[in-house]
$ cat structure_21.cif   # mmCIF, C-alpha atoms and all ligand atoms
data_data
loop_
_atom_site.group_PDB
_atom_site.id
_atom_site.type_symbol
_atom_site.label_atom_id
_atom_site.label_comp_id
_atom_site.auth_asym_id
_atom_site.auth_seq_id
_atom_site.Cartn_x
_atom_site.Cartn_y
_atom_site.Cartn_z
ATOM 1 C CA MET I 109 0.000 0.000 0.000
ATOM 2 C CA GLU I 110 1.272 3.428 -0.928
ATOM 3 C CA VAL I 111 1.664 5.856 1.972
ATOM 4 C CA PRO I 112 1.091 9.537 1.107
ATOM 5 C CA ALA I 113 4.461 11.290 0.778
ATOM 6 C CA TYR I 114 3.675 13.978 3.354
ATOM 7 C CA LEU I 115 2.536 11.377 5.892
ATOM 8 C CA ALA I 116 5.672 9.269 5.341
ATOM 9 C CA GLN I 117 7.751 12.383 5.927
ATOM 10 C CA ARG I 118 5.879 13.284 9.155
ATOM 11 C CA LEU I 119 6.134 9.723 10.499
ATOM 12 C CA GLU I 120 9.872 9.609 9.952
ATOM 13 C CA ALA I 121 10.388 13.075 11.494
ATOM 14 C CA GLN I 122 8.372 12.123 14.574
ATOM 15 C CA TYR I 123 9.350 8.506 15.165
ATOM 16 C CA GLY I 124 12.601 7.906 13.292
ATOM 17 C CA ALA I 125 13.051 5.533 10.365
ATOM 18 C CA GLN I 126 12.671 2.235 12.236
ATOM 19 C CA THR I 127 9.420 2.987 14.051
ATOM 20 C CA ALA I 128 8.030 4.762 10.981
ATOM 21 C CA GLN I 129 8.672 1.544 9.067
ATOM 22 C CA ARG I 130 6.835 -0.454 11.759
ATOM 23 C CA ILE I 131 3.826 1.868 11.404
ATOM 24 C CA VAL I 132 3.835 1.584 7.607
ATOM 25 C CA GLN I 133 3.973 -2.219 7.891
ATOM 26 C CA GLY I 134 1.006 -1.981 10.282
ATOM 27 C CA TYR I 135 -0.978 -0.011 7.688
ATOM 28 C CA GLY I 136 -0.425 -2.799 5.197
ATOM 29 C CA ALA I 137 -1.403 -5.650 7.535
ATOM 30 C CA GLN I 138 -4.607 -7.602 6.879
ATOM 31 C CA ARG I 139 -6.596 -6.447 9.907
ATOM 32 C CA ALA I 140 -8.613 -9.040 11.845
ATOM 33 C CA VAL I 141 -12.333 -8.394 12.134
ATOM 34 C CA THR I 142 -13.205 -7.524 15.717
ATOM 35 C CA LEU I 143 -16.486 -6.943 17.482
ATOM 36 C CA ARG I 144 -17.932 -5.736 20.719
ATOM 37 C CA VAL I 145 -20.638 -7.811 22.354
ATOM 38 C CA ASN I 146 -23.543 -5.545 23.325
ATOM 39 C CA ALA I 147 -23.903 -6.269 27.040
ATOM 40 C CA LEU I 148 -27.273 -4.482 27.009
ATOM 41 C CA LYS I 149 -28.726 -7.350 24.972
ATOM 42 C CA THR I 150 -26.630 -10.471 25.371
ATOM 43 C CA ASP I 151 -23.348 -11.817 26.716
ATOM 44 C CA VAL I 152 -20.043 -13.086 25.400
ATOM 45 C CA GLN I 153 -20.809 -16.773 25.987
ATOM 46 C CA ALA I 154 -24.030 -16.572 23.975
ATOM 47 C CA VAL I 155 -22.351 -14.730 21.089
ATOM 48 C CA ARG I 156 -19.390 -17.124 20.993
ATOM 49 C CA ALA I 157 -21.731 -20.102 20.963
ATOM 50 C CA ALA I 158 -23.874 -18.583 18.191
ATOM 51 C CA LEU I 159 -20.796 -17.795 16.084
ATOM 52 C CA ASP I 160 -19.402 -21.253 16.732
ATOM 53 C CA ALA I 161 -22.631 -22.737 15.413
ATOM 54 C CA GLN I 162 -21.994 -20.823 12.169
ATOM 55 C CA GLY I 163 -18.450 -22.228 12.005
ATOM 56 C CA ILE I 164 -16.957 -18.857 13.013
ATOM 57 C CA ARG I 165 -14.268 -19.108 15.674
ATOM 58 C CA THR I 166 -13.366 -16.220 17.979
ATOM 59 C CA GLN I 167 -10.650 -15.254 20.427
ATOM 60 C CA THR I 168 -11.024 -13.183 23.570
ATOM 61 C CA VAL I 169 -9.101 -9.984 24.314
ATOM 62 C CA PRO I 170 -7.225 -9.886 27.656
ATOM 63 C CA TRP I 171 -8.082 -6.264 28.514
ATOM 64 C CA TYR I 172 -11.806 -6.266 27.638
ATOM 65 C CA ALA I 173 -14.208 -9.121 28.316
ATOM 66 C CA ASP I 174 -16.789 -7.828 25.799
ATOM 67 C CA ALA I 175 -14.347 -7.732 22.857
ATOM 68 C CA LEU I 176 -13.879 -10.630 20.433
ATOM 69 C CA ILE I 177 -11.441 -11.204 17.597
ATOM 70 C CA VAL I 178 -12.992 -13.104 14.717
ATOM 71 C CA CYS I 179 -10.749 -15.795 13.219
ATOM 72 C CA GLY I 180 -10.915 -16.490 9.511
ATOM 73 C CA ALA I 181 -14.126 -14.639 8.622
ATOM 74 C CA ARG I 182 -14.685 -11.234 7.073
ATOM 75 C CA GLU I 183 -17.261 -8.597 8.025
ATOM 76 C CA ASP I 184 -19.947 -9.680 5.558
ATOM 77 C CA ALA I 185 -20.122 -13.120 7.202
ATOM 78 C CA LEU I 186 -21.165 -11.316 10.379
ATOM 79 C CA THR I 187 -23.432 -8.619 8.967
ATOM 80 C CA ARG I 188 -25.646 -11.374 7.496
ATOM 81 C CA LEU I 189 -26.387 -12.842 10.919
ATOM 82 C CA ASP I 190 -29.658 -12.299 12.824
ATOM 83 C CA PHE I 191 -27.964 -11.227 16.014
ATOM 84 C CA TYR I 192 -26.038 -8.562 14.115
ATOM 85 C CA ALA I 193 -29.369 -7.190 12.842
ATOM 86 C CA ARG I 194 -30.740 -7.308 16.398
ATOM 87 C CA GLY I 195 -27.845 -5.170 17.661
ATOM 88 C CA GLU I 196 -26.374 -7.868 19.860
ATOM 89 C CA ILE I 197 -22.922 -7.206 18.420
ATOM 90 C CA TYR I 198 -21.228 -4.082 17.051
ATOM 91 C CA LEU I 199 -18.356 -4.336 14.603
ATOM 92 C CA GLN I 200 -15.713 -2.114 16.147
ATOM 93 C CA SER I 201 -11.947 -1.952 16.024
ATOM 94 C CA LEU I 202 -10.130 -2.926 19.215
ATOM 95 C CA SER I 203 -8.355 0.440 19.381
ATOM 96 C CA SER I 204 -11.633 2.329 19.265
ATOM 97 C CA MET I 205 -12.908 0.383 22.288
ATOM 98 C CA ILE I 206 -10.164 1.916 24.445
ATOM 99 C CA PRO I 207 -11.435 5.539 24.861
ATOM 100 C CA PRO I 208 -14.775 4.639 26.560
ATOM 101 C CA LEU I 209 -12.894 2.313 28.916
ATOM 102 C CA VAL I 210 -10.423 5.078 29.786
ATOM 103 C CA LEU I 211 -13.341 7.485 30.297
ATOM 104 C CA GLY I 212 -14.916 5.087 32.799
ATOM 105 C CA ALA I 213 -18.188 7.025 33.080
ATOM 106 C CA ALA I 214 -20.311 6.151 36.112
ATOM 107 C CA PRO I 215 -24.024 5.211 35.871
ATOM 108 C CA GLU I 216 -25.063 8.459 37.579
ATOM 109 C CA ASP I 217 -23.019 10.643 35.206
ATOM 110 C CA ASP I 218 -24.250 13.127 32.657
ATOM 111 C CA VAL I 219 -22.056 12.258 29.672
ATOM 112 C CA LEU I 220 -21.306 14.210 26.495
ATOM 113 C CA ASP I 221 -20.018 12.400 23.409
ATOM 114 C CA MET I 222 -18.989 15.399 21.320
ATOM 115 C CA ALA I 223 -18.315 13.828 17.907
ATOM 116 C CA ALA I 224 -20.428 10.737 18.063
ATOM 117 C CA ALA I 225 -21.404 9.238 14.688
ATOM 118 C CA PRO I 226 -21.715 6.439 13.767
ATOM 119 C CA GLY I 227 -22.012 5.693 17.467
ATOM 120 C CA GLY I 228 -19.595 2.900 18.322
ATOM 121 C CA LYS I 229 -18.362 4.654 21.415
ATOM 122 C CA THR I 230 -21.729 6.208 22.369
ATOM 123 C CA THR I 231 -23.328 2.776 22.477
ATOM 124 C CA GLN I 232 -20.290 1.323 24.263
ATOM 125 C CA ILE I 233 -20.619 3.969 27.008
ATOM 126 C CA ALA I 234 -24.325 3.089 27.255
ATOM 127 C CA ALA I 235 -23.420 -0.588 27.657
ATOM 128 C CA LEU I 236 -20.639 0.113 30.163
ATOM 129 C CA THR I 237 -23.025 2.096 32.358
ATOM 130 C CA GLY I 238 -25.864 -0.429 32.014
ATOM 131 C CA ASN I 239 -27.983 2.182 30.192
ATOM 132 C CA ARG I 240 -28.089 4.304 33.322
ATOM 133 C CA ALA I 241 -25.868 7.260 32.358
ATOM 134 C CA MET I 242 -27.601 10.108 30.517
ATOM 135 C CA ILE I 243 -25.689 10.515 27.264
ATOM 136 C CA THR I 244 -25.831 13.496 24.917
ATOM 137 C CA ALA I 245 -24.412 12.441 21.560
ATOM 138 C CA CYS I 246 -23.462 15.346 19.330
ATOM 139 C CA GLU I 247 -22.914 15.085 15.573
ATOM 140 C CA MET I 248 -22.839 17.920 13.050
ATOM 141 C CA ASN I 249 -23.189 15.945 9.816
ATOM 142 C CA SER I 250 -26.861 15.189 9.208
ATOM 143 C CA ILE I 251 -26.356 11.961 7.230
ATOM 144 C CA ARG I 252 -24.005 10.667 9.917
ATOM 145 C CA ALA I 253 -26.410 11.818 12.647
ATOM 146 C CA GLU I 254 -29.087 9.666 10.997
ATOM 147 C CA ARG I 255 -26.739 6.671 11.141
ATOM 148 C CA LEU I 256 -26.020 7.473 14.784
ATOM 149 C CA ARG I 257 -29.751 7.487 15.637
ATOM 150 C CA TYR I 258 -30.168 4.169 13.830
ATOM 151 C CA ASN I 259 -27.283 2.540 15.707
ATOM 152 C CA VAL I 260 -28.391 3.933 19.072
ATOM 153 C CA GLU I 261 -31.858 2.498 18.490
ATOM 154 C CA ARG I 262 -30.615 -0.866 17.237
ATOM 155 C CA GLN I 263 -28.185 -1.260 20.122
ATOM 156 C CA GLY I 264 -30.937 -0.471 22.651
ATOM 157 C CA ALA I 265 -29.042 2.505 24.108
ATOM 158 C CA SER I 266 -32.133 4.006 25.678
ATOM 159 C CA ARG I 267 -30.767 7.068 27.488
ATOM 160 C CA VAL I 268 -29.030 8.683 24.534
ATOM 161 C CA THR I 269 -30.173 12.020 23.140
ATOM 162 C CA VAL I 270 -28.769 12.819 19.709
ATOM 163 C CA MET I 271 -28.027 16.504 19.086
ATOM 164 C CA GLU I 272 -27.443 17.343 15.454
ATOM 165 C CA THR I 273 -25.183 20.360 15.833
ATOM 166 C CA ASP I 274 -21.621 21.636 15.689
ATOM 167 C CA ALA I 275 -20.247 20.838 19.151
ATOM 168 C CA ARG I 276 -18.262 24.086 19.093
ATOM 169 C CA ARG I 277 -21.613 25.897 19.268
ATOM 170 C CA LEU I 278 -22.934 24.106 22.367
ATOM 171 C CA ASP I 279 -24.053 26.562 25.040
ATOM 172 C CA ASP I 280 -21.263 27.286 27.513
ATOM 173 C CA LEU I 281 -23.761 27.027 30.351
ATOM 174 C CA PHE I 282 -24.019 23.209 29.923
ATOM 175 C CA ARG I 283 -21.991 21.106 32.383
ATOM 176 C CA PHE I 284 -21.141 17.396 32.060
ATOM 177 C CA ASP I 285 -19.567 14.906 34.479
ATOM 178 C CA ALA I 286 -17.692 13.050 31.743
ATOM 179 C CA ILE I 287 -16.900 13.984 28.136
ATOM 180 C CA LEU I 288 -15.572 11.966 25.246
ATOM 181 C CA LEU I 289 -14.087 13.937 22.379
ATOM 182 C CA ASP I 290 -13.282 11.379 19.690
ATOM 183 C CA ALA I 291 -12.143 14.116 17.390
ATOM 184 C CA PRO I 292 -12.370 14.280 13.601
ATOM 185 C CA CYS I 293 -8.825 13.771 12.324
ATOM 186 C CA SER I 294 -6.634 13.027 9.323
ATOM 187 C CA GLY I 295 -7.053 9.288 9.898
ATOM 188 C CA SER I 296 -3.300 8.755 9.895
ATOM 189 C CA GLY I 297 -3.784 5.687 12.108
ATOM 190 C CA THR I 298 -6.163 4.057 9.651
ATOM 191 C CA VAL I 299 -4.635 4.986 6.303
ATOM 192 C CA GLN I 300 -5.364 1.532 4.862
ATOM 193 C CA LEU I 301 -9.093 2.167 5.263
ATOM 194 C CA ALA I 302 -9.008 5.402 3.305
ATOM 195 C CA GLY I 303 -9.585 5.462 -0.421
ATOM 196 C CA ALA I 304 -6.927 6.609 -2.892
ATOM 197 C CA ARG I 305 -8.587 10.041 -3.180
ATOM 198 C CA THR I 306 -8.421 10.634 0.574
ATOM 199 C CA ARG I 307 -4.812 9.483 0.617
ATOM 200 C CA ALA I 308 -3.985 11.925 -2.190
ATOM 201 C CA ARG I 309 -5.424 14.764 -0.106
ATOM 202 C CA PHE I 310 -3.083 14.098 2.850
ATOM 203 C CA THR I 311 -1.279 17.437 2.932
ATOM 204 C CA LYS I 312 0.156 19.887 5.445
ATOM 205 C CA GLU I 313 -2.861 22.168 4.897
ATOM 206 C CA ILE I 314 -5.313 19.364 5.775
ATOM 207 C CA LEU I 315 -3.326 18.485 8.860
ATOM 208 C CA ASP I 316 -3.120 22.108 10.050
ATOM 209 C CA LYS I 317 -6.853 22.505 9.512
ATOM 210 C CA ALA I 318 -7.591 19.304 11.454
ATOM 211 C CA ALA I 319 -5.368 20.433 14.344
ATOM 212 C CA GLY I 320 -7.126 23.828 14.535
ATOM 213 C CA ARG I 321 -10.542 22.170 14.670
ATOM 214 C CA GLN I 322 -9.366 19.632 17.265
ATOM 215 C CA GLU I 323 -8.012 22.369 19.525
ATOM 216 C CA ALA I 324 -11.255 24.373 19.302
ATOM 217 C CA LEU I 325 -13.275 21.249 20.153
ATOM 218 C CA LEU I 326 -10.976 20.350 23.057
ATOM 219 C CA ILE I 327 -11.142 23.852 24.536
ATOM 220 C CA LYS I 328 -14.927 23.661 24.234
ATOM 221 C CA ALA I 329 -14.927 20.254 25.952
ATOM 222 C CA LEU I 330 -12.894 21.625 28.850
ATOM 223 C CA THR I 331 -15.357 24.523 29.179
ATOM 224 C CA LEU I 332 -18.302 22.122 29.357
ATOM 225 C CA LEU I 333 -16.623 19.693 31.779
ATOM 226 C CA ARG I 334 -17.574 20.099 35.434
ATOM 227 C CA PRO I 335 -14.496 21.299 37.435
ATOM 228 C CA GLY I 336 -12.736 18.366 39.112
ATOM 229 C CA ARG I 337 -14.056 15.874 36.531
ATOM 230 C CA ALA I 338 -12.222 14.036 33.724
ATOM 231 C CA MET I 339 -12.636 13.724 29.971
ATOM 232 C CA VAL I 340 -11.018 11.725 27.171
ATOM 233 C CA TYR I 341 -9.548 13.115 23.972
ATOM 234 C CA SER I 342 -8.944 10.540 21.241
ATOM 235 C CA THR I 343 -8.148 10.410 17.529
ATOM 236 C CA CYS I 344 -7.442 7.695 14.990
ATOM 237 C CA SER I 345 -4.188 9.494 14.181
ATOM 238 C CA VAL I 346 -0.625 8.675 15.209
ATOM 239 C CA LEU I 347 0.698 12.181 14.464
ATOM 240 C CA ALA I 348 1.743 14.453 17.339
ATOM 241 C CA GLN I 349 0.330 17.480 15.460
ATOM 242 C CA GLU I 350 -3.178 16.101 16.076
ATOM 243 C CA ASN I 351 -2.474 14.486 19.427
ATOM 244 C CA GLU I 352 0.149 15.591 21.959
ATOM 245 C CA GLN I 353 0.540 19.063 20.422
ATOM 246 C CA VAL I 354 -3.211 19.737 20.432
ATOM 247 C CA VAL I 355 -3.533 18.503 24.025
ATOM 248 C CA SER I 356 -0.489 20.479 25.218
ATOM 249 C CA ARG I 357 -1.811 23.713 23.726
ATOM 250 C CA ALA I 358 -5.255 23.142 25.274
ATOM 251 C CA LEU I 359 -3.707 22.391 28.683
ATOM 252 C CA ARG I 360 -1.834 25.691 28.518
ATOM 253 C CA ARG I 361 -5.071 27.559 27.755
ATOM 254 C CA ALA I 362 -7.354 25.753 30.237
ATOM 255 C CA ASN I 363 -6.970 24.915 33.906
ATOM 256 C CA ALA I 364 -6.487 21.189 33.259
ATOM 257 C CA GLU I 365 -3.935 18.408 33.542
ATOM 258 C CA ILE I 366 -3.174 14.983 32.097
ATOM 259 C CA GLU I 367 -4.309 12.093 34.230
ATOM 260 C CA PRO I 368 -2.007 9.197 33.333
ATOM 261 C CA ILE I 369 -3.697 6.197 31.741
ATOM 262 C CA ASP I 370 -3.116 2.952 33.632
ATOM 263 C CA MET I 371 -1.221 1.048 30.940
ATOM 264 C CA THR I 372 -1.456 -2.196 32.926
ATOM 265 C CA ALA I 373 -5.172 -2.169 32.102
ATOM 266 C CA PHE I 374 -4.279 -2.516 28.396
ATOM 267 C CA ALA I 375 -1.633 -5.236 28.498
ATOM 268 C CA GLY I 376 -0.824 -6.549 25.028
ATOM 269 C CA VAL I 377 -1.812 -3.374 23.175
ATOM 270 C CA PRO I 378 1.059 -2.401 20.804
ATOM 271 C CA VAL I 379 2.134 1.117 21.734
ATOM 272 C CA LEU I 380 4.155 3.899 20.160
ATOM 273 C CA PRO I 381 6.353 6.371 22.031
ATOM 274 C CA VAL I 382 4.521 9.529 23.144
ATOM 275 C CA SER I 383 5.893 12.967 23.943
ATOM 276 C CA LEU I 384 3.235 13.649 26.570
ATOM 277 C CA PRO I 385 3.688 11.212 29.467
ATOM 278 C CA GLY I 386 0.572 9.356 30.564
ATOM 279 C CA THR I 387 -1.077 9.377 27.135
ATOM 280 C CA LEU I 388 -1.435 6.282 24.940
ATOM 281 C CA CYS I 389 -0.707 5.892 21.240
ATOM 282 C CA VAL I 390 -1.552 2.557 19.621
ATOM 283 C CA CYS I 391 0.620 1.264 16.779
ATOM 284 C CA PRO I 392 -1.290 -0.163 13.801
ATOM 285 C CA ASP I 393 -0.774 -3.891 13.260
ATOM 286 C CA GLU I 394 -2.792 -6.944 12.221
ATOM 287 C CA ARG I 395 -5.147 -6.483 15.201
ATOM 288 C CA TYR I 396 -5.060 -2.791 16.016
ATOM 289 C CA GLU I 397 -5.585 0.512 14.228
ATOM 290 C CA GLY I 398 -3.390 3.489 15.027
ATOM 291 C CA PHE I 399 -5.088 5.489 17.780
ATOM 292 C CA PHE I 400 -4.324 8.130 20.395
ATOM 293 C CA VAL I 401 -5.971 8.475 23.808
ATOM 294 C CA ALA I 402 -5.467 11.084 26.538
ATOM 295 C CA ARG I 403 -7.338 11.436 29.826
ATOM 296 C CA ILE I 404 -7.578 15.034 30.993
ATOM 297 C CA ARG I 405 -8.866 16.359 34.305
ATOM 298 C CA ARG I 406 -10.240 19.855 34.682
ATOM 299 C CA LYS I 407 -8.805 21.235 37.884
ATOM 300 C CA LYS I 408 -11.164 22.527 40.563
ATOM 301 C CA ALA I 409 -11.318 26.314 40.213
HETATM 302 N N1 LIG T 501 -16.970 8.534 17.953
HETATM 303 C C1 LIG T 501 -17.436 7.946 16.715
HETATM 304 C C2 LIG T 501 -17.614 6.459 16.893
HETATM 305 O O1 LIG T 501 -16.933 5.879 17.739
HETATM 306 O O2 LIG T 501 -18.439 5.856 16.195
HETATM 307 C C3 LIG T 501 -16.520 8.308 15.563
HETATM 308 C C4 LIG T 501 -16.370 9.802 15.424
HETATM 309 S S1 LIG T 501 -15.529 10.345 13.964
HETATM 310 C C5 LIG T 501 -13.891 10.139 14.417
HETATM 311 C C6 LIG T 501 -15.733 12.068 14.111
HETATM 312 C C7 LIG T 501 -17.161 12.569 13.892
HETATM 313 O O3 LIG T 501 -17.217 13.919 14.285
HETATM 314 C C8 LIG T 501 -17.627 12.540 12.456
HETATM 315 O O4 LIG T 501 -18.857 11.874 12.374
HETATM 316 C C9 LIG T 501 -17.806 14.017 12.084
HETATM 317 O O5 LIG T 501 -18.894 14.250 11.207
HETATM 318 C C10 LIG T 501 -18.090 14.623 13.445
HETATM 319 N N2 LIG T 501 -17.733 16.041 13.612
HETATM 320 C C11 LIG T 501 -16.726 16.721 13.020
HETATM 321 N N3 LIG T 501 -16.684 17.980 13.483
HETATM 322 C C12 LIG T 501 -17.691 18.105 14.388
HETATM 323 C C13 LIG T 501 -18.171 19.171 15.194
HETATM 324 N N4 LIG T 501 -17.581 20.364 15.161
HETATM 325 N N5 LIG T 501 -19.229 18.947 15.996
HETATM 326 C C14 LIG T 501 -19.831 17.734 16.017
HETATM 327 N N6 LIG T 501 -19.433 16.682 15.267
HETATM 328 C C15 LIG T 501 -18.367 16.858 14.474
#
$ encode --input "structure_21.cif" --output "C-alpha cells" --more "lines below"
Ligand code: SAM
Amino acid sequence: MEVPAYLAQRLEAQYGAQTAQRIVQGYGAQRAVTLRVNALKTDVQAVRAALDAQGIRTQTVPWYADALIVCGAREDALTRLDFYARGEIYLQSLSSMIPPLVLGAAPEDDVLDMAAAPGGKTTQIAALTGNRAMITACEMNSIRAERLRYNVERQGASRVTVMETDARRLDDLFRFDAILLDAPCSGSGTVQLAGARTRARFTKEILDKAAGRQEALLIKALTLLRPGRAMVYSTCSVLAQENEQVVSRALRRANAEIEPIDMTAFAGVPVLPVSLPGTLCVCPDERYEGFFVARIRRKKA
C-alpha cells in the first residue's frame, strides 16, 4: 500500500526511520475483524456459541471481556447474521474500544459524546453504564447523525439524546460529568481504510486545519466539563500534530492536567512512544488501528 508522501515524511520526522517503518507495515497488515458484544442485549458466551454454530471461531481480548477477535471470517459473514441485525454485536476496532474504557463514566453521570457518529463509542458507554448514564451524543453531519440514531436504536441505548449540531456551538452554560471527544482527524492511524482520493489529499494544509478544529473542540470540551471531573480526547491518528501538540496547547489555555492512563489495564496493546507522558498511542498492526488516547482532568477552580 502506498503511503502519502507527506505522511511518510511526518512519520519519519516524529518517530525515526525504524518505528516509521513499523507503522507503515502496520498499515499494510490484513486487519482481523473484531467486534464488541452488546452487554445491554446479550453476553459473550451466547455470542461465541452462536458464532461457533456458524463455524466462526473467535478469540477473547485480555483487557476487555466484551471484545472478540474473529478468526478467519470477514465482516460480511457477520453482517448477514440475525444477532447482528438485532444489535447484539457491534463491529468495532479494538483500538476504538479503548477511549470509553479510559473514560470510565459512572451510571449516575451526565455524559457528552462530542463527535459521536456512527455511534460505536456512544453505544459502548451506554453498555458500560448499564444504560443508566444520561448521554448526549453530538454530531454535526446530518447523514451521519441519521446513522447514529439508527445505531443507538438498534443497540438499545435508551438514554441517549442525539443533538445534530456543531459541538463548538454548544451553550457554555451546559456542564457534564464526563466527556468523550473522539475528534475528527486526518485518519493517519487508519490509512489503509481510506480510499486513494483521501490518501492523495493528505497534505500539510489538511493536517493544520484538522489540528485547529481539534483544539477548538478540546477547549470547548474543557469549558463544558464540570471542574474536578475528567474527559477523554482521542483520535485515529498517530501524528503528534493532532495528538500531543493539540492537548499540550489546550492544557496551557485551560486549567487542566493529564491524568495518566493505567497502561497495565491494556496489556498486550502495541504502543508507540509519546511525547506527553501518561497518554497512549496505539501502533497499527494486524489487530489494532493506530489510535491516540489522553485522559484530561479539569482542575477545581
Ligand atoms: N466517535 C465515533 C464512533 O466511535 O463511532 C466516531 C467519530 S468520527 C472520528 C468524528 C465525527 O465527528 C464525524 O462523524 C464528524 O462528522 C463529526 N464532527 C466533526 N466535526 C464536528 C463538530 N464540530 N461537531 C460535532 N461533530 C463533528
$ resolve_selection --input "structure_21.cif" --expression "the PyMOL selection byres (((not hetatm)) within 7 of (chain T and resi 501))" --output "ChimeraX atom specification"
/I:204,222-230,246-249,252,273-276,290-293,325,343-344
$ write_last_selection --input "structure_21.cif" --atoms "C-alpha atoms" --output "mmCIF file, in the coordinates of the input"
data_model
loop_
_atom_site.group_PDB
_atom_site.id
_atom_site.type_symbol
_atom_site.label_atom_id
_atom_site.label_comp_id
_atom_site.auth_asym_id
_atom_site.auth_seq_id
_atom_site.Cartn_x
_atom_site.Cartn_y
_atom_site.Cartn_z
ATOM 1 C CA SER I 204 -11.633 2.329 19.265
ATOM 2 C CA MET I 222 -18.989 15.399 21.320
ATOM 3 C CA ALA I 223 -18.315 13.828 17.907
ATOM 4 C CA ALA I 224 -20.428 10.737 18.063
ATOM 5 C CA ALA I 225 -21.404 9.238 14.688
ATOM 6 C CA PRO I 226 -21.715 6.439 13.767
ATOM 7 C CA GLY I 227 -22.012 5.693 17.467
ATOM 8 C CA GLY I 228 -19.595 2.900 18.322
ATOM 9 C CA LYS I 229 -18.362 4.654 21.415
ATOM 10 C CA THR I 230 -21.729 6.208 22.369
ATOM 11 C CA CYS I 246 -23.462 15.346 19.330
ATOM 12 C CA GLU I 247 -22.914 15.085 15.573
ATOM 13 C CA MET I 248 -22.839 17.920 13.050
ATOM 14 C CA ASN I 249 -23.189 15.945 9.816
ATOM 15 C CA ARG I 252 -24.005 10.667 9.917
ATOM 16 C CA THR I 273 -25.183 20.360 15.833
ATOM 17 C CA ASP I 274 -21.621 21.636 15.689
ATOM 18 C CA ALA I 275 -20.247 20.838 19.151
ATOM 19 C CA ARG I 276 -18.262 24.086 19.093
ATOM 20 C CA ASP I 290 -13.282 11.379 19.690
ATOM 21 C CA ALA I 291 -12.143 14.116 17.390
ATOM 22 C CA PRO I 292 -12.370 14.280 13.601
ATOM 23 C CA CYS I 293 -8.825 13.771 12.324
ATOM 24 C CA LEU I 325 -13.275 21.249 20.153
ATOM 25 C CA THR I 343 -8.148 10.410 17.529
ATOM 26 C CA CYS I 344 -7.442 7.695 14.990
#
$ residues_around --input "structure_21.cif" --residues "range 128-145 of chain I" --least-positions-apart "5" --cutoff "7 Å" --atoms "all atoms listed in the file" --output "ChimeraX atom specification"
/I:109,119-120,123,151-152,174-178,182-183,196-202,298-300,391-395
$ axis_aligned_box --input "structure_21.cif" --around "range 394-400 of chain I" --padding-each-side "5 Å" --output "lines of an AutoDock Vina configuration file"
center_x = -4.2
center_y = 0.6
center_z = 16.3
size_x = 12.8
size_y = 25.1
size_z = 18.2
$ atom_distance --input "structure_21.cif" --atom1 "CA of Ala304 in chain I" --atom2 "CA of Asp316 in chain I"
20.5 Å
$ closest_residue --input "structure_21.cif" --among "I:Gln122, I:Val210, I:Ser250, I:Asp279" --to "Ser383 in chain I" --atoms "only C-alpha atoms"
I:Gln122
$ resolve_selection --input "structure_21.cif" --expression "the PyMOL selection byres (((chain I and resi 256-265) around 8) and not hetatm)" --output "list in words"
Asn146, Leu148, Lys149, Ala193, Arg194, Gly195, Glu196, Ala224, Ala225, Pro226, Gly227, Thr230, Thr231, Ala234, Ala235, Asn239, Arg252, Ala253, Glu254, Arg255, Ser266, Arg267, Val268 and Val270 of chain I
$ atom_distance --input "structure_21.cif" --atom1 "CA of Val401 in chain I" --atom2 "CA of Glu110 in chain I"
26.3 Å
$ atom_distance --input "structure_21.cif" --atom1 "CA of Ala185 in chain I" --atom2 "CA of Trp171 in chain I"
25.4 Å
$ closest_residue --input "structure_21.cif" --among "I:Leu289, I:Ile233, I:Leu384, I:Ala116" --to "Ala348 in chain I" --atoms "all atoms listed in the file"
I:Leu384
$ closest_residue --input "structure_21.cif" --among "I:Thr269, I:Ser296, I:Asn351, I:Thr372" --to "Val111 in chain I" --atoms "all atoms listed in the file"
I:Ser296
$ closest_residue --input "structure_21.cif" --among "I:Asp218, I:Met339, I:Ser345, I:Val169" --to "Leu380 in chain I" --atoms "all atoms listed in the file"
I:Ser345
$ closest_residue --input "structure_21.cif" --among "I:Asp184, I:Arg118, I:Gly386, I:Thr168" --to "Glu350 in chain I" --atoms "all atoms listed in the file"
I:Arg118
$ residues_around --input "structure_21.cif" --residues "Asp280 in chain I" --least-positions-apart "3" --cutoff "10 Å" --atoms "all atoms listed in the file" --output "ChimeraX atom specification"
/I:276-277,283,328-329,331-333
$ residues_near_point --input "structure_21.cif" --point "(-24.0, -19.7, 10.6)" --cutoff "12 Å" --atoms "all atoms listed in the file" --output "list of chain:residue names"
I:Val155, I:Arg156, I:Ala157, I:Ala158, I:Leu159, I:Asp160, I:Ala161, I:Gln162, I:Gly163, I:Ile164, I:Arg165, I:Ala181, I:Asp184, I:Ala185, I:Leu186, I:Thr187, I:Arg188, I:Leu189, I:Asp190, I:Phe191, I:Tyr192
$ build_atoms --input "structure_21.cif" --residues "range 177-181 of chain I" --atoms "N, CA, C and O atoms" --output "mmCIF file, in the frame of the given file"
data_model
loop_
_atom_site.group_PDB
_atom_site.id
_atom_site.type_symbol
_atom_site.label_atom_id
_atom_site.label_comp_id
_atom_site.auth_asym_id
_atom_site.auth_seq_id
_atom_site.Cartn_x
_atom_site.Cartn_y
_atom_site.Cartn_z
ATOM 1 N N ILE I 177 -12.149 -11.228 18.875
ATOM 2 C CA ILE I 177 -11.441 -11.204 17.597
ATOM 3 C C ILE I 177 -11.983 -12.373 16.785
ATOM 4 O O ILE I 177 -12.048 -13.509 17.275
ATOM 5 N N VAL I 178 -12.393 -12.077 15.573
ATOM 6 C CA VAL I 178 -12.992 -13.104 14.717
ATOM 7 C C VAL I 178 -11.869 -13.762 13.899
ATOM 8 O O VAL I 178 -11.062 -13.064 13.283
ATOM 9 N N CYS I 179 -11.828 -15.098 13.928
ATOM 10 C CA CYS I 179 -10.749 -15.795 13.219
ATOM 11 C C CYS I 179 -11.280 -16.312 11.877
ATOM 12 O O CYS I 179 -12.261 -17.055 11.840
ATOM 13 N N GLY I 180 -10.639 -15.915 10.825
ATOM 14 C CA GLY I 180 -10.915 -16.490 9.511
ATOM 15 C C GLY I 180 -12.257 -16.153 8.895
ATOM 16 O O GLY I 180 -12.765 -16.924 8.079
ATOM 17 N N ALA I 181 -12.880 -15.057 9.302
ATOM 18 C CA ALA I 181 -14.126 -14.639 8.622
ATOM 19 C C ALA I 181 -14.069 -13.136 8.423
ATOM 20 O O ALA I 181 -13.482 -12.417 9.227
#
